[in-house]
Every structure is written in C-alpha cells, then in structure tokens.
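Chemist: Below is a structure I'd like to ask you about.
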Amino acid sequence: VDAYTQLAAEGYLSARQGSATRVARIRPVPASRPRAPAGHPVRFDFRPGVPDLGVFPRQAWLRSLSAAVRGVPASQLLYGPAKGAGELREALAGYLRRVRGVVASADDIVLCTGVAQAMHLLAALLLEDRRPVLAVEDPSHFDVREFALREGLRPLMVPVDEGGLDVGALARSEATAVQVTPAHQFPMGVVMEPGRRGELIAWAGRTGGLVIEDDYDAEFRYDRAPVGAVQGLAPEHVVYLSSVSKTLAPGLRLGWLVAPPRLAERLAALKRRNDLGSPVLDQVALAHYLESGGYDRHVRRMRLLYRRRRDALVAALRASLPGVRLHGVAAGIHLVVELPPGLDENAVVTAALRRSVRVYGLSRYGERRLPPGLVLGYASLAPSAIEEGVALLAAAAGATAGVGRADPAPHRP
Ligand SMILES: Cc1ncc(COP(=O)(O)O)c(C=O)c1O
C-alpha cells in the first residue's frame with residue numbers, strides 16, 4: 001500500500017476512487033541539466049591531482065567532526081585567532097616535524113583553505129614588499145603562472161630538468177621569490193637533487209630571496225621514505241605549503257603554511273583581512289583526526305592503494321605502448337609519460353577522448369617546448385580500469401600514428 005501511495009504521489013500511477021489503479025501517462029520531462037550534446041562520454045578520466053574520493057574516510061571523519069562539535073566551547077565559535085585553531089596548529093607542528101622534517105612550532109603555522117589561498121596570501125605579501133618577480137618552475141601547475149599574472153606579480157619561468165629546478169638559471173634571474181615542488185616536482189615527478197637543494201638555500205641566504213615550497217603530495221612515495229622538506233634545512237628562508245587535498249579530499253579546503261616568525265604574523269594578518277579565518281569546526285576535526293592516529297592510518301592505506309595503481313599503470317603503459325618514456329620517481333598520484341617519437345600530443349588526446357578516455361597533454365603545463373607527453377592521474381582508477389583505459393589509449397595513439405607527426409617512423413602500439 002505504501003509503495004502504491006508513493007508511486008501515486010510521484011505521479012507514476014493514477015488512482016481514482018471506484019476505478020482500478022493504472023500506470024499514469026507521463027510526458028517525459030527534460031532533465032534539468034541537459035547533457036553536453038556532442039560530447040563523448042568519458043569512462044576513464046586520467047585527471048591528474050585527484051585522489052580517490054570514493055574511499056574518503058567518512059566514518060572516521062564523522063567521528064572527528066562529531067568530537068569537534070561536541071567538544072568546542074561556545075567561545076571558540078567566535079572568529080578564531082588569525083593563525084587558526086591552536087589545537088590544529090599544535091597537532092600539525094608535531095605531524096610535519098615527524099613526517100616531513102619541517103621545523104615549526106604552532107606559532108609558525110597559519111591555517112588556510114589550501115595551497116591556493118596560501119599562494120594568494122604570499123602574493124599580497126610580495127606585492128607589499130615590492131618584490132613582484134616570482135620564479136615559477138617550467139613546467140608547473142598551469143594555475144601558478146596564471147595566478148601570478150592575475151595577482152599583479154611578474155612570473156618568470158625557470159626550467160626544470162632531471163635534477164629539479166635549474167637553480168643556476170634562478171640565480172642569474174632577477175627573481176626575489178621562487179615557487180618550487182622539491183619533493184616531487186609537478187608535473188615532471190623528479191626529486192630535487194641534494195646539491196640543488198643546497199644551492200637553493202645558498203641563493204636565498206645570499207640574496208634574501210624567499211623559497212616557497214609546495215609540498216603537495218609528499219606523503220606518497222612508494223620506493224623509499226620521501227626526502228625531507230627543504231624547509232627543515234633553512235626554516236628562515238622558506239615558506240612551506242601543504243594541504244589535505246591529496247591525502248583526504250580537495251573539497252575539504254584545509255591547508256596550512258609554515259613561515260619564518262617575521263612573516264607568519266604578517267601572513268596571519270593578511271589571512272584575517274582576507275576572510276576572518278577558516279571554518280573552525282573543520283580545523284578542530286582535523287586536529288582530532290591527526291591526534292587520534294586516524295590520519296596516519298588513512299595515509300598508509302592510501303599509499304598502498306596508490307602504489308598498486310601506479311604499478312598497474314606502469315605495467316599497462318609498458319605493455320601497450322612500447323617506446324614510451326616514463327618520467328619521475330615512484331611517488332605521488334600522477335605520472336608523466338613521454339609519447340613515442342612520431343606521435344602528436346593533441347592528436348592522441350583527441351583520439352583518446354573519442355574512445356571515452358580523457359588524458360591531459362603535457363604541453364599545457366609548460367611555457368617552453370616540451371616533448372609530446374601526457375600527465376596521467378591514476379589515483380581514482382582501479383587497476384582494471386587503468387588497464388582498460390591504457391589499452392584504449394594505445395589504440396587511439398596507434399590510430400593517430402602518421403597524423404601530424406614530426407618523425408617519419410610510424411608508431412605501432
Ligand atoms: C602542484 C599543486 N600544488 C598544490 C595543489 C593543491 O592546492 P590546494 O591545497 O589549494 O587544493 C595542487 C592541486 O592540484 C597541485 O597540483
């Protein structure tokens with residue numbers, strides 16, 4: 001009876017007293033959000049930088065959130081301290097010291113909504129100091145350069161090679177600050193060589209330059225313990241940035257920066273001026289999650305999961321696309337693959353989309369000319385999906401061989 005009542009209420013049945021209940025004649029209602037008309041449905045999306053959101057630790061997060069809601073005194077529901085909730089800064093200081101070798105006390109930490117906001121605060125600080133020339137890794141996350149331009153900074157692209165950022169080129173430039181991803185360069189995946197790390201610190205010491213270290217996915221190193229943060233070697237010259245965007249979920253918008261004392265106060269003031277602080281209950285929940293050991297357990301679990309996915313991707317690429325060159329170390333949640341000679345990056349991306357596989361060209365990340373390649377995110381795809389996706393990608397690449405190629409040798413997958 002309940003089912004009939006419900007179906008009638010929703011209009012699927014017409015029920016009139018004294019006559020039989022019938023299936024209603026329904027005119028199809030257009031979906032509120034029409035599908036893209038000519039788009040190809042994407043079955044396998046190798047979007048870089050996205051963790052597996054399907055395994056977000058809902059129960060554990062709920063427990064921590066619930067502890068936060070129950071535990072915070074009423075006074076803490078007012079605008080909090082400019083640097084963010086004290087309990088999270090304390091917990092992070094311990095975690096970052098233990099896991100990343102970051103030298104920090106709670107006072108050096110400013111909580112924010114992610115690396116993105118930390119970069120905005122730093123841009124404002126650099127402009128206040130009339131130091132607008134920001135060196136940016138080339139290639140890098142394409143947002144960094146765009147963002148610097150929008151903020152009124154002067155981005156200056158400095159090349160990255162197998163050893164990480166070319167610090168010699170940085171030293172020859174007029175940059176007074178530099179954005180780097182030393183533990184796992186984005187997107188190339190290389191680790192900054194120890195010699196270069198030393199040179200970078202020497203550059204900062206000599207010139208008073210500011211090193212902005214984006215430690216976005218350092219928890220995920222699969223073949224050995226990750227190198228420590230550069231910040232740990234020269235805390236007075238480095239502002240360290242990180243967030244839960246890769247470990248938990250970008251949508252949480254929880255991140256932090258660690259700054260030398262002279263800058264931490266100013267960055268906190270800028271944060272307060274910007275938005276009066278990040279949501280307090282989420283900060284307290286993350287503090288609880290860290291202190292309870294849940295965050296470490298989650299990261300360990302994800303490390304195993306992502307390692308298997310990376311292995312599956314490497315094996316599938318080697319099997320289906322002989323001749324591809326893989327860049328970077330076994331780490332993170334994306335991989336750069338250089339296409340075999342003769343293949344055109346754009347043609348491969350387009351042909352893959354026709355086969356319902358979305359891949360992302362390497363060229364969009366670089367200012368200078370890069371070899372044709374793809375940046376493949378693998379964290380949110382199961383190994384079977386990775387295998388299927390790569391098989392389709394290989395078929396797509398094979399179909400493009402000969403189209404717009406630079407090298408006369410055709411590629412046979
Ligand atoms: C290189 C790099 N840094 C940082 C982030 C994360 O930014 P946020 O912490 O604002 O989510 C990303 C996300 O895509 C990234 O690719």
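All residue names refer to the structure tokens as shown: chains lettered A, B, ... in order, residues numbered from 1 in each chain, ligands numbered from 1 in order.
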Going by DSSP on the backbone, which bits of stretch 78-128 of chain A are strand (DSSP E)? Write them as number ranges by chain, please.

Modeler: A: 109-112

Chemist: Tell me, which residues of stretch 94-161 of chain A carry DSSP alpha helix (DSSP H), written as a PyMOL selection string?

Modeler: chain A and resi 94-100+115-128+142-151

Chemist: Find the residue from A:Gln283, A:Ser356, A:Thr247, A:Ser66 that sits nearest to A:Gly49; use only C-alpha atoms when measuring.

Modeler: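 Using only C-alpha atoms, the shortest distance to A:Gly49 belongs to A:Thr247.
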
Chemist: Each residue of chain A with at least one atom at most 6 Å from ligand 1 should appear once, together with its nearest atom pair and the corresponding distance in Å (one decimal); atoms considered: only C-alpha atoms and all ligand atoms; ordering: chain, then increasing residue number; output as CSV.

Modeler:
```
residue,atom,partner,partner_atom_place_in_ligand_line,distance
A:Gly49,CA,ligand 1,14 (O),4.8
A:Gly114,CA,ligand 1,9 (O),3.5
A:Val115,CA,ligand 1,9 (O),3.7
A:Ala116,CA,ligand 1,10 (O),3.7
A:His141,CA,ligand 1,1 (C),5.3
A:Phe186,CA,ligand 1,1 (C),5.2
A:Asp214,CA,ligand 1,3 (N),5.9
A:Tyr216,CA,ligand 1,3 (N),4.9
A:Ser243,CA,ligand 1,9 (O),4.6
A:Ser245,CA,ligand 1,11 (O),4.8
A:Pro250,CA,ligand 1,11 (O),5.0
A:Gly255,CA,ligand 1,9 (O),5.8
```

Chemist: Neighbouring residues of A:Gly54 were defined as those with any atom within 12 Å, considering only C-alpha atoms; residues of the same chain fewer than 6 positions away were excluded. Please report them as a ChimeraX atom specification.

Modeler: /A:248-249,302,379-382

Chemist: I want to know what sits within 12 Å of A:Leu370, based on only C-alpha atoms, with residues of the same chain fewer than 3 positions away left out; could you give that as a list in words?

Modeler: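 The residues satisfying every condition are Asp138, Pro139, Ser140, Pro159, Val160, Asp161, Pro187, Met188, Val336, Val337, Glu338, Leu339, Glu345, Gly361, Leu362, Ser363, Arg364, Tyr365, Gly366, Glu367, Gly373 and Leu374 of chain A.
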
Chemist: For A:Val144, find every residue with an atom within 10 Å (counting only C-alpha atoms), except residues of its own chain fewer than 5 positions away, and show them as a list of chain:residue names.

Modeler: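 Everything that qualifies: A:Ala116, A:Met119, A:Val136, A:Glu137, A:Leu149, A:Arg150, A:Pro155, A:Gln179, A:Tyr365.
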